[in-house]
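Novice: So that you have it, the file is work32.txt, and it contains compact mmCIF, C-alpha atoms:
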# COMPACT_ATOMS: atom_id res chain seq x y z
CA MET A 162 231.77 -159.88 99.73
CA ALA A 163 228.72 -159.15 101.86
CA SER A 164 226.59 -161.49 99.79
CA GLN A 165 229.20 -164.20 100.07
CA LEU A 166 229.12 -163.92 103.83
CA GLY A 167 225.36 -164.09 103.83
CA ALA A 168 225.23 -160.68 105.55
CA PRO A 169 223.13 -158.30 103.47
CA LEU A 170 223.20 -154.75 104.87
CA SER A 171 219.99 -152.81 105.51
CA PHE A 172 219.53 -149.52 107.30
CA PRO A 173 216.00 -149.15 108.60
CA PHE A 174 215.39 -145.84 110.42
CA VAL A 175 214.00 -146.16 113.92
CA PRO A 176 213.39 -143.36 116.42
CA ALA A 177 216.39 -142.46 118.54
CA PRO A 178 216.09 -142.67 122.32
CA ALA A 179 214.02 -139.79 123.72
CA GLN A 180 216.97 -138.40 125.68
CA ALA A 181 219.16 -138.30 122.58
CA ARG A 182 216.39 -136.62 120.55
CA ARG A 183 216.02 -133.90 123.19
CA ARG A 184 219.76 -133.22 123.21
CA LEU A 185 220.11 -133.08 119.43
CA TRP A 186 216.84 -131.44 118.45
CA LEU A 187 218.05 -127.83 118.70
CA LEU A 188 221.38 -128.61 117.03
CA SER A 189 219.81 -129.73 113.79
CA PRO A 190 219.17 -127.14 111.05
CA ASN A 191 216.11 -129.23 110.25
CA TYR A 192 214.90 -128.84 113.82
CA ARG A 193 211.31 -129.67 112.97
CA LEU A 194 212.31 -133.12 111.78
CA PRO A 195 212.56 -135.99 114.24
CA LEU A 196 216.06 -137.34 114.65
CA PHE A 197 216.77 -140.97 113.85
CA ARG A 198 219.45 -143.55 114.44
CA ALA A 199 220.34 -146.35 112.07
CA THR A 200 220.81 -150.02 112.78
CA ALA A 201 222.65 -152.50 110.59
CA SER A 202 220.83 -155.74 110.05
CA LEU A 203 223.70 -158.22 109.84
CA SER A 204 223.48 -162.00 110.05
CA PRO A 205 226.41 -164.26 111.14
CA PRO A 206 228.57 -166.02 108.52
CA ASN A 207 226.95 -168.71 106.45
CA LYS A 208 227.60 -172.06 108.07
CA GLU A 209 228.61 -173.65 104.80
CA PHE A 210 231.11 -170.90 104.05
CA VAL A 211 233.09 -171.49 107.24
CA GLU A 212 234.60 -174.80 106.18
CA GLY A 213 231.24 -176.56 106.41
CA ARG A 214 231.28 -176.35 110.21
CA ASP A 215 229.02 -174.59 112.69
CA CYS A 216 230.50 -171.30 113.79
CA CYS A 217 232.25 -171.83 117.10
CA LEU A 218 231.52 -169.65 120.18
CA PRO A 219 234.66 -167.43 119.85
CA ASP A 220 233.70 -166.71 116.24
CA LYS A 221 230.21 -165.74 117.31
CA ILE A 222 231.53 -163.42 120.00
CA LEU A 223 234.01 -161.83 117.60
CA TRP A 224 231.35 -161.38 114.93
CA GLY A 225 228.85 -159.99 117.44
CA GLY A 226 231.40 -157.40 118.62
CA LEU A 227 232.06 -156.39 115.02
CA ILE A 228 228.33 -155.98 114.40
CA ASN A 229 227.88 -153.80 117.49
CA ARG A 230 230.79 -151.54 116.57
CA LEU A 231 229.57 -151.26 112.99
CA GLU A 232 226.03 -150.41 114.13
CA SER A 233 227.33 -147.68 116.45
CA THR A 234 229.59 -146.24 113.75
CA ILE A 235 226.82 -146.13 111.15
CA ALA A 236 224.36 -144.58 113.62
CA ALA A 237 226.86 -141.85 114.57
CA ILE A 238 227.62 -141.08 110.91
CA LEU A 239 223.93 -140.73 110.03
CA VAL A 240 223.15 -138.51 113.03
CA VAL A 241 226.09 -136.21 112.24
CA ALA A 242 225.01 -136.13 108.59
CA GLN A 243 221.48 -135.17 109.54
CA ILE A 244 222.74 -132.35 111.76
CA THR A 245 225.25 -130.93 109.28
CA LEU A 246 223.65 -131.47 105.88
CA PRO A 247 222.32 -128.15 104.48
CA ILE A 248 219.67 -130.01 102.49
CA PRO A 249 216.68 -131.22 104.53
CA ILE A 250 216.24 -134.98 104.62
CA PRO A 251 213.01 -135.64 102.66
CA ILE A 252 210.96 -137.19 105.43
CA PRO A 253 207.25 -136.26 105.29
CA ILE A 254 206.03 -134.55 108.48
CA PRO A 255 202.53 -133.42 109.41
CA ASP A 256 201.73 -129.74 109.60
CA VAL A 257 202.00 -128.31 113.12
CA ALA A 258 198.59 -127.14 114.26
CA PRO A 259 198.43 -123.39 115.00
CA ALA A 260 197.17 -124.27 118.49
CA GLU A 261 200.59 -125.63 119.36
CA ALA A 262 202.18 -122.30 118.48
CA VAL A 263 199.94 -120.57 121.02
CA LEU A 264 199.44 -123.16 123.72
CA TYR A 265 203.04 -124.23 123.87
CA SER A 266 204.84 -120.95 123.23
CA PRO A 267 206.73 -119.66 126.28
CA ASN A 268 206.37 -116.13 124.86
CA THR A 269 202.57 -115.96 125.12
CA LYS A 270 202.89 -113.55 128.11
CA VAL A 271 199.44 -114.17 129.51
CA PRO A 272 198.76 -111.93 132.56
CA ARG A 273 199.30 -113.76 135.83
CA THR A 274 197.17 -111.52 138.06
CA GLY A 275 193.81 -109.87 137.77
CA GLU A 276 195.40 -106.46 138.28
CA PHE A 277 197.69 -106.98 135.30
CA ALA A 278 194.85 -108.21 133.10
CA LEU A 279 192.65 -105.27 134.08
CA ARG A 280 195.43 -102.76 133.34
CA LYS A 281 195.93 -104.16 129.87
CA ALA A 282 192.20 -103.97 129.19
CA ILE A 283 191.82 -100.20 129.78
CA PRO A 284 191.17 -98.42 126.44
CA ALA A 285 193.54 -95.47 127.01
CA ASN A 286 195.69 -92.96 125.15
CA PRO A 287 198.34 -94.65 122.92
CA ASN A 288 201.14 -92.80 124.70
CA MET A 289 200.03 -94.19 128.06
CA LYS A 290 199.81 -97.67 126.58
CA ALA A 291 203.37 -97.34 125.26
CA ILE A 292 204.58 -96.33 128.74
CA GLN A 293 202.67 -99.21 130.29
CA GLU A 294 204.07 -101.79 127.86
CA SER A 295 207.65 -100.65 128.55
CA LEU A 296 207.15 -101.11 132.28
CA GLU A 297 205.23 -104.37 131.97
CA ASP A 298 208.27 -105.79 130.19
CA ILE A 299 210.23 -105.31 133.42
CA SER A 300 207.78 -107.67 135.15
CA TYR A 301 208.96 -110.46 132.84
CA LEU A 302 212.62 -109.54 133.23
CA LEU A 303 212.28 -109.80 137.00
CA ARG A 304 211.26 -113.44 136.62
CA ILE A 305 214.64 -114.35 135.16
CA PRO A 306 216.47 -116.37 137.82
CA GLN A 307 219.90 -115.53 139.19
CA ARG A 308 221.46 -112.58 137.39
CA LYS A 309 218.87 -109.98 136.36
CA PRO A 310 219.19 -107.92 133.15
CA TYR A 311 219.22 -104.56 134.93
CA GLY A 312 220.54 -102.81 131.84
CA SER A 313 217.46 -103.81 129.87
CA MET A 314 215.23 -102.75 132.76
CA GLN A 315 216.82 -99.29 132.86
CA SER A 316 216.38 -98.94 129.09
CA ASP A 317 212.67 -99.74 129.48
CA VAL A 318 212.23 -97.10 132.19
CA ASN A 319 214.18 -94.49 130.21
CA LYS A 320 211.92 -95.17 127.24
CA ALA A 321 208.81 -94.76 129.40
CA LEU A 322 210.19 -91.58 130.98
CA LYS A 323 211.00 -90.09 127.56
CA ILE A 324 207.45 -90.72 126.30
CA ALA A 325 205.90 -89.36 129.50
CA THR A 326 208.01 -86.18 129.33
CA GLU A 327 207.65 -85.47 125.63
CA GLU A 328 203.95 -86.33 125.41
CA LYS A 329 202.76 -84.68 128.62
CA ASP A 330 200.28 -82.36 126.86
CA ALA A 331 198.81 -85.16 124.75
CA ILE A 332 198.40 -87.34 127.84
CA LEU A 333 196.64 -84.68 129.93
CA THR A 334 194.44 -83.24 127.17
CA SER A 335 193.09 -86.71 126.41
CA MET A 336 191.29 -86.59 129.79
CA PRO A 337 187.87 -84.96 130.28
CA GLU A 338 188.28 -81.42 131.57
CA GLU A 339 186.58 -82.16 134.89
CA VAL A 340 189.27 -84.72 135.86
CA ARG A 341 192.28 -83.04 134.27
CA GLU A 342 193.46 -81.46 137.52
CA LYS A 343 193.44 -84.84 139.21
CA GLY A 344 195.30 -86.21 136.22
CA SER A 345 198.01 -83.54 136.57
CA VAL A 346 198.62 -84.59 140.16
CA LEU A 347 198.85 -88.26 139.17
CA TYR A 348 201.17 -87.40 136.28
CA ALA A 349 203.57 -85.53 138.59
CA SER A 350 203.50 -88.52 140.96
CA LEU A 351 204.34 -90.87 138.09
CA ILE A 352 207.44 -88.85 137.18
CA ASP A 353 208.90 -87.74 140.52
CA GLY A 354 206.67 -89.12 143.27
CA LYS A 355 207.42 -91.88 145.70
CA GLY A 356 207.41 -95.12 143.74
CA GLY A 357 207.49 -93.16 140.47
CA LEU A 358 209.75 -93.57 137.46
CA GLN A 359 212.71 -91.75 139.01
CA ASP A 360 212.49 -93.98 142.08
CA LEU A 361 212.30 -97.00 139.80
CA ILE A 362 215.52 -96.00 138.01
CA LYS A 363 217.24 -95.55 141.36
CA SER A 364 216.15 -99.03 142.50
CA ILE A 365 217.40 -100.56 139.26
CA LYS A 366 220.80 -98.89 139.65
CA GLU A 367 221.02 -100.36 143.16
CA GLN A 368 220.26 -103.77 141.60
CA ASP A 369 217.83 -104.63 144.39
CA PRO A 370 215.06 -106.80 142.86
CA ASP A 371 212.73 -106.31 145.85
CA LYS A 372 212.94 -102.52 145.61
CA VAL A 373 212.52 -102.72 141.84
CA SER A 374 209.39 -104.83 142.27
CA ILE A 375 207.85 -102.39 144.80
CA SER A 376 208.61 -99.28 142.71
CA LEU A 377 207.38 -101.00 139.55
CA ALA A 378 204.07 -101.95 141.17
CA SER A 379 203.59 -98.37 142.38
CA SER A 380 204.32 -96.90 138.93
CA LEU A 381 201.97 -99.34 137.22
CA ASP A 382 199.18 -98.52 139.69
CA THR A 383 199.60 -94.82 138.90
CA ILE A 384 199.54 -95.55 135.18
CA ALA A 385 196.30 -97.51 135.59
CA ASP A 386 194.73 -94.58 137.48
CA LEU A 387 195.75 -92.20 134.70
CA GLU A 388 194.39 -94.52 132.03
CA LEU A 389 191.05 -94.81 133.82
CA LEU A 390 190.77 -91.01 133.78
CA GLN A 391 191.33 -91.15 130.01
CA ALA A 392 188.55 -93.73 129.53
CA PRO A 393 185.29 -92.16 130.72
CA GLY A 394 183.06 -94.53 128.73
CA LEU A 395 182.88 -97.17 126.02
CA SER A 396 185.12 -96.67 123.01
CA PHE A 397 182.63 -98.39 120.67
CA LEU A 398 178.90 -98.47 119.93
CA LEU A 399 176.84 -101.43 121.02
CA PRO A 400 174.86 -103.28 118.35
CA GLN A 401 171.33 -101.89 118.03
CA GLN A 402 169.64 -105.09 119.21
CA TYR A 403 171.40 -104.90 122.59
CA LEU A 404 170.66 -101.28 123.48
CA ASN A 405 167.79 -102.31 125.77
CA PHE A 406 170.11 -104.48 127.91
CA PRO A 407 171.71 -103.27 131.16
CA ARG A 408 175.30 -102.30 130.41
CA LEU A 409 178.36 -101.21 132.34
CA THR A 410 180.29 -98.37 130.70
CA GLY A 411 183.47 -98.70 132.76
CA ARG A 412 184.64 -100.44 135.90
CA ALA A 413 182.76 -101.48 139.04
CA THR A 414 183.65 -103.35 142.21
CA VAL A 415 181.52 -106.08 143.81
CA GLU A 416 182.13 -107.36 147.35
CA PHE A 417 181.02 -110.87 148.26
CA THR A 418 180.58 -112.07 151.82
CA ILE A 419 180.93 -115.87 151.94
CA GLU A 420 179.90 -117.97 154.93
CA ARG A 421 180.50 -121.62 155.69
CA GLY A 422 177.64 -123.96 155.06
CA ASP A 423 178.81 -126.43 157.72
CA GLY A 424 179.61 -123.94 160.49
CA SER A 425 183.42 -124.28 160.19
CA THR A 426 185.82 -121.37 159.72
CA PHE A 427 188.04 -120.00 156.98
CA PHE A 428 191.79 -120.11 157.51
CA PRO A 429 193.06 -116.71 158.62
CA THR A 430 195.33 -114.46 156.62
CA ALA A 431 198.67 -113.48 158.18
CA GLY A 432 198.11 -112.28 161.73
CA GLY A 433 194.36 -112.78 161.57
CA GLU A 434 191.88 -114.93 163.42
CA PRO A 435 189.78 -117.76 161.95
CA GLN A 436 186.44 -116.42 160.76
CA SER A 437 183.12 -118.02 159.89
CA VAL A 438 182.79 -115.54 157.00
CA ALA A 439 185.22 -114.28 154.39
CA LYS A 440 185.15 -111.37 151.95
CA ILE A 441 186.08 -111.40 148.28
CA GLN A 442 186.30 -108.33 146.03
CA VAL A 443 185.86 -108.55 142.27
CA VAL A 444 186.49 -105.78 139.74
CA ILE A 445 184.14 -106.16 136.79
CA ASP A 446 185.06 -104.68 133.43
CA GLY A 447 182.52 -103.01 131.18
CA TYR A 448 185.15 -101.74 128.75
CA SER A 449 185.54 -105.22 127.27
CA ALA A 450 182.28 -106.95 128.33
CA PRO A 451 179.64 -104.23 128.82
CA LEU A 452 176.57 -106.46 128.46
CA THR A 453 177.85 -109.31 130.62
CA ALA A 454 179.18 -106.98 133.32
CA GLY A 455 176.03 -104.84 133.16
CA ASN A 456 173.72 -107.82 133.56
CA PHE A 457 175.83 -109.06 136.48
CA ALA A 458 175.88 -105.66 138.19
CA LYS A 459 172.08 -105.39 137.83
CA LEU A 460 171.67 -108.85 139.42
CA VAL A 461 173.88 -107.78 142.32
CA MET A 462 171.84 -104.61 142.77
CA ASP A 463 168.65 -106.70 142.86
CA GLY A 464 170.08 -109.02 145.53
CA ALA A 465 169.83 -112.04 143.24
CA TYR A 466 172.96 -113.67 144.70
CA ASP A 467 172.19 -113.16 148.37
CA GLY A 468 171.80 -116.58 150.00
CA VAL A 469 172.87 -118.53 146.92
CA ARG A 470 174.87 -121.71 147.53
CA LEU A 471 178.20 -122.44 145.89
CA LYS A 472 179.44 -125.61 144.21
CA CYS A 473 183.08 -126.58 143.74
CA THR A 474 184.95 -128.49 141.08
CA SER A 475 188.67 -128.96 140.65
CA GLN A 476 188.81 -125.89 138.40
CA ALA A 477 186.01 -123.59 139.49
CA VAL A 478 183.73 -122.29 142.22
CA LEU A 479 180.32 -121.66 140.71
CA THR A 480 176.91 -120.56 141.88
CA ASP A 481 174.01 -122.95 142.05
CA ASN A 482 171.87 -122.55 138.94
CA GLU A 483 168.70 -122.27 141.00
CA ILE A 484 168.60 -118.58 140.03
CA GLU A 485 168.70 -119.31 136.29
CA THR A 486 165.39 -117.47 135.79
CA TYR A 487 166.91 -114.15 136.91
CA GLY A 488 168.66 -111.75 134.56
CA ASN A 489 168.77 -111.34 130.80
CA SER A 490 169.69 -113.87 128.16
CA VAL A 491 173.03 -112.30 127.25
CA PRO A 492 174.96 -113.54 124.20
CA ILE A 493 178.50 -114.82 124.69
CA GLU A 494 180.63 -111.67 124.66
CA VAL A 495 184.38 -111.84 124.04
CA MET A 496 186.70 -109.04 122.91
CA PRO A 497 189.71 -110.34 120.96
CA SER A 498 193.10 -108.74 121.53
CA GLY A 499 193.82 -106.08 118.96
CA GLN A 500 190.11 -105.42 118.28
CA PHE A 501 188.17 -102.36 119.38
CA GLU A 502 184.81 -104.03 120.10
CA PRO A 503 183.58 -107.41 121.39
CA LEU A 504 182.35 -110.33 119.33
CA TYR A 505 178.89 -111.67 120.14
CA LYS A 506 177.50 -115.20 119.95
CA THR A 507 180.91 -116.62 119.09
CA THR A 508 183.95 -117.93 120.91
CA LEU A 509 187.59 -117.45 119.98
CA SER A 510 189.78 -119.95 118.19
CA VAL A 511 193.04 -120.33 120.07
CA GLN A 512 194.11 -122.65 117.25
CA ASP A 513 194.14 -119.61 114.97
CA GLY A 514 196.10 -117.50 117.43
CA GLU A 515 193.13 -115.54 118.79
CA LEU A 516 193.43 -114.39 122.40
CA PRO A 517 190.90 -112.40 124.45
CA VAL A 518 191.52 -109.03 126.09
CA LEU A 519 190.18 -110.55 129.32
CA PRO A 520 191.83 -113.99 129.52
CA LEU A 521 190.34 -116.85 131.47
CA SER A 522 193.85 -118.12 132.27
CA VAL A 523 194.21 -116.09 135.47
CA TYR A 524 193.55 -117.44 138.96
CA GLY A 525 190.35 -115.84 140.22
CA SER A 526 189.01 -114.72 136.85
CA VAL A 527 185.21 -114.39 136.86
CA ALA A 528 183.08 -115.61 133.96
CA MET A 529 179.53 -116.60 133.12
CA ALA A 530 178.64 -120.25 132.65
CA HIS A 531 177.15 -121.32 129.34
CA SER A 532 173.43 -121.36 128.75
CA LEU A 533 171.80 -124.77 128.91
CA ASP A 534 169.74 -123.95 125.82
CA SER A 535 172.23 -122.46 123.35
CA ASP A 536 175.99 -122.43 122.80
CA GLU A 537 175.69 -118.84 121.60
CA TYR A 538 174.50 -117.51 124.98
CA SER A 539 175.79 -117.30 128.51
CA SER A 540 173.70 -118.36 131.45
CA ASN A 541 171.30 -115.68 132.63
CA SER A 542 172.87 -115.60 136.08
CA GLN A 543 175.18 -118.53 136.85
CA PHE A 544 178.79 -117.37 137.14
CA PHE A 545 182.01 -118.96 138.36
CA PHE A 546 185.41 -118.13 139.83
CA TYR A 547 188.05 -119.88 137.73
CA LEU A 548 190.77 -121.66 139.71
CA TYR A 549 193.48 -121.49 137.08
CA ASP A 550 196.25 -124.05 137.54
CA LYS A 551 199.26 -123.92 135.23
CA ARG A 552 199.64 -127.68 135.65
CA ASN A 553 196.43 -128.08 133.65
CA ALA A 554 197.42 -125.59 130.94
CA GLY A 555 199.68 -125.48 127.92
CA LEU A 556 203.30 -124.41 128.25
CA GLY A 557 202.33 -120.94 127.07
CA GLY A 558 200.13 -120.64 130.15
CA LEU A 559 196.77 -120.81 128.37
CA SER A 560 193.84 -122.74 129.75
CA PHE A 561 192.42 -125.21 127.26
CA ASP A 562 189.07 -123.41 127.74
CA GLU A 563 190.58 -120.05 126.80
CA GLY A 564 188.28 -117.89 124.67
CA GLN A 565 185.23 -120.11 125.30
CA PHE A 566 183.50 -118.10 128.07
CA SER A 567 182.41 -114.53 128.70
CA VAL A 568 185.04 -113.37 131.19
CA PHE A 569 184.00 -110.06 132.75
CA GLY A 570 186.21 -109.50 135.79
CA TYR A 571 188.86 -110.65 138.23
CA THR A 572 189.20 -111.30 141.94
CA THR A 573 191.47 -108.56 143.29
CA ASN A 574 191.09 -109.12 147.04
CA GLY A 575 190.49 -112.43 148.81
CA ARG A 576 192.02 -114.72 146.20
CA GLU A 577 193.32 -116.91 149.03
CA VAL A 578 189.71 -117.57 150.06
CA LEU A 579 188.78 -119.18 146.75
CA SER A 580 190.76 -122.35 147.40
CA GLN A 581 189.06 -122.74 150.79
CA ILE A 582 185.48 -122.59 149.54
CA LYS A 583 183.63 -125.90 149.71
CA THR A 584 180.44 -127.12 148.11
CA GLY A 585 177.55 -125.94 150.27
CA ASP A 586 179.12 -122.62 151.31
CA ILE A 587 176.81 -119.66 150.86
CA ILE A 588 177.00 -116.14 149.46
CA ARG A 589 175.61 -114.23 152.41
CA SER A 590 175.59 -111.01 150.40
CA ALA A 591 176.88 -109.44 147.17
CA LYS A 592 177.12 -105.65 147.03
CA LEU A 593 178.09 -103.17 144.33
CA VAL A 594 180.49 -101.00 146.35
CA GLN A 595 181.88 -98.92 143.50
CA GLY A 596 180.87 -98.01 139.94
CA LEU A 597 177.11 -97.56 140.25
CA ASN A 598 177.42 -94.41 138.15
CA ARG A 599 178.72 -96.55 135.27
CA LEU A 600 175.69 -98.85 135.25
CA VAL A 601 173.17 -97.93 132.53
CA LEU A 602 169.76 -99.55 132.94
CA PRO A 603 167.29 -100.09 130.06
CA GLN A 604 164.95 -97.28 131.04
CA GLU A 605 167.88 -94.86 130.80
CA SER A 606 168.87 -95.93 127.29
Represent the structure contained in this file as structure tokens.

Specialist:
Amino acid sequence: MASQLGAPLSFPFVPAPAQARRRLWLLSPNYRLPLFRATASLSPPNKEFVEGRDCCLPDKILWGGLINRLESTIAAILVVAQITLPIPIPIPIPDVAPAEAVLYSPNTKVPRTGEFALRKAIPANPNMKAIQESLEDISYLLRIPQRKPYGSMQSDVNKALKIATEEKDAILTSMPEEVREKGSVLYASLIDGKGGLQDLIKSIKEQDPDKVSISLASSLDTIADLELLQAPGLSFLLPQQYLNFPRLTGRATVEFTIERGDGSTFFPTAGGEPQSVAKIQVVIDGYSAPLTAGNFAKLVMDGAYDGVRLKCTSQAVLTDNEIETYGNSVPIEVMPSGQFEPLYKTTLSVQDGELPVLPLSVYGSVAMAHSLDSDEYSSNSQFFFYLYDKRNAGLGGLSFDEGQFSVFGYTTNGREVLSQIKTGDIIRSAKLVQGLNRLVLPQES
């Protein structure tokens, strides 16, 4: 009959409207396949078949309505079939690159602050890490809008409290004897002190998210202090060829004093007055980047950054490379998550799921620029503050430059100053205010 009417049927697949695809994507058991709609290619009746006369206007309208209804019916049938059929429709699809699994996964859980990143990077006792991970999970639960899962939060704290109570001896004996007494005081504070685990449980039972957040921050700070007592030095041996480099065997703090190059002032913090200078504190981490942090600390001690001008881009504040001749030629140094020592002269492949212990994807992270001479080395002295912006990152929160630079620290105080810095501003001074005892110089090797 169809051939007699001159209306051969064909069902070419064309992409469904974007809105429809988004609605139906998760309903399909073949959710990785694009959804399609069908159209029926129908032509009007053959002129000769309709009594040798041209089809009149009412016939055309009637036939057009029939075509539209038939197209809609066929499209609906095919969409429903694609959703409900247990057998995948054999449509070839390209392999999904591993990078998409990392960059676009909402479960990547990249640290959002320097403090969080630094806590995760401390090489501490496994029991302390288990306690920390239980509490860090509450940080993510607090982000859930509207109704909070307080039951899950309380379970996390109970788990942490159980480990802390049962493994007390293992936690304290893992500290050097000279700091064990201090560790005992911190441990007692973690359990029963103000802002400790018991206080945290009480805040959760009251279902007050602000109190939970304050108690959680206090408990995590205490945990970090305990972990630092458990980590007196590097947990790995440096390669032989780098033993004559300056190295940092723990944590250190550097304070920068920044002044305006044009004589203007920095915006004040709450309740403050406009100032022509601003201070920024950076914690540098030798546990994960001993050579990079050691070289940087040595440069600070030598006054190499005093008077150096700053340059700004949309994503970074970096030092002028006029001091390139200072410092050592340090290889790119990145410690992958799950590894116990850094990699040298190589970057990480986010496409393969590799993530660094010290991520770049944190506002105010501090990293070395690349050497102008070799992709395997960092600049001798040029560093930058990274102005992470989630709008320029994947949905998982990762910068597209993640794993490509030697990150060695984070801005912990003065982050609000970074966005105010302009090209031409000057580092009046850079001082190592804490951690000098962790800096090992070549002559001491």

Novice: Could you build a table of the residues in range 416-470 of chain A lying no more than 9 Å from range 280-294 of chain A, giving for each the nearest pair of atoms and their separation in Å rounded to one decimal place, using all atoms listed in the file, ordered by chain and ascending residue number, as JSON lines?

Specialist:
{"residue": "A:Asp446", "atom": "CA", "partner": "A:Ala282", "partner_atom": "CA", "distance": 8.3}
{"residue": "A:Tyr448", "atom": "CA", "partner": "A:Ile283", "partner_atom": "CA", "distance": 6.9}
{"residue": "A:Ser449", "atom": "CA", "partner": "A:Ala282", "partner_atom": "CA", "distance": 7.0}

Novice: Could you work out how far CA of Ser526 in chain A lies from CA of Tyr549 in chain A, giving the answer in Å with one decimal?

Specialist: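 Computing it gives 8.1 Å between the two atoms.
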
Novice: Measure the distance from CA of Pro400 in chain A to CA of Leu533 in chain A in Å and round it to one decimal.

Specialist: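 Pair CA of Pro400 in chain A / CA of Leu533 in chain A returns 24.1 Å.
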
Novice: Near Gly422 in chain A, within 12 Å and counting only C-alpha atoms, which residues show up once chain neighbours fewer than 5 positions away are dropped, as a ChimeraX atom specification?

Specialist: /A:427,437-438,468-472,582-589

Novice: Would you mind exporting C-alpha atoms of the selected residues as a PDB file, in the coordinates of the input?

Specialist:
ATOM      1  CA  PHE A 427     188.040-120.000 156.980  1.00  0.00           C
ATOM      2  CA  SER A 437     183.120-118.020 159.890  1.00  0.00           C
ATOM      3  CA  VAL A 438     182.790-115.540 157.000  1.00  0.00           C
ATOM      4  CA  GLY A 468     171.800-116.580 150.000  1.00  0.00           C
ATOM      5  CA  VAL A 469     172.870-118.530 146.920  1.00  0.00           C
ATOM      6  CA  ARG A 470     174.870-121.710 147.530  1.00  0.00           C
ATOM      7  CA  LEU A 471     178.200-122.440 145.890  1.00  0.00           C
ATOM      8  CA  LYS A 472     179.440-125.610 144.210  1.00  0.00           C
ATOM      9  CA  ILE A 582     185.480-122.590 149.540  1.00  0.00           C
ATOM     10  CA  LYS A 583     183.630-125.900 149.710  1.00  0.00           C
ATOM     11  CA  THR A 584     180.440-127.120 148.110  1.00  0.00           C
ATOM     12  CA  GLY A 585     177.550-125.940 150.270  1.00  0.00           C
ATOM     13  CA  ASP A 586     179.120-122.620 151.310  1.00  0.00           C
ATOM     14  CA  ILE A 587     176.810-119.660 150.860  1.00  0.00           C
ATOM     15  CA  ILE A 588     177.000-116.140 149.460  1.00  0.00           C
ATOM     16  CA  ARG A 589     175.610-114.230 152.410  1.00  0.00           C
TER      17      ARG A 589
END

Novice: Could you jot down the CA of Ile441 in chain A to CA of Ser542 in chain A separation for me, Å, one decimal place?

Specialist: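 One can read the CA of Ile441 in chain A to CA of Ser542 in chain A distance as 18.5 Å.
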
Novice: Between A:Tyr538, A:Phe546, A:Phe569, A:Phe561, which is the closest to Gly455 in chain A once you count all atoms listed in the file?

Specialist: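 Once distances to Gly455 in chain A are computed over all atoms listed in the file, the minimum belongs to A:Phe569.
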
Novice: Could you give me, as an MDAnalysis selection string, the residues that sit within 12 Å of (215.9, -113.4, 137.6) in the file's coordinates, counting all atoms listed in the file?

Specialist: chainID A and resid 299:311 314 368:371 373:374

Novice: So which one's closest to Glu494 in chain A, A:Gly344, A:Gly356, A:Gly596, A:Pro451? Using all atoms listed in the file, please.

Specialist: A:Pro451

Novice: Using all atoms listed in the file, which of the listed residues (A:Ile365, A:Glu339, A:Ser379, A:Thr418) sits closest to Gln391 in chain A?

Specialist: A:Glu339
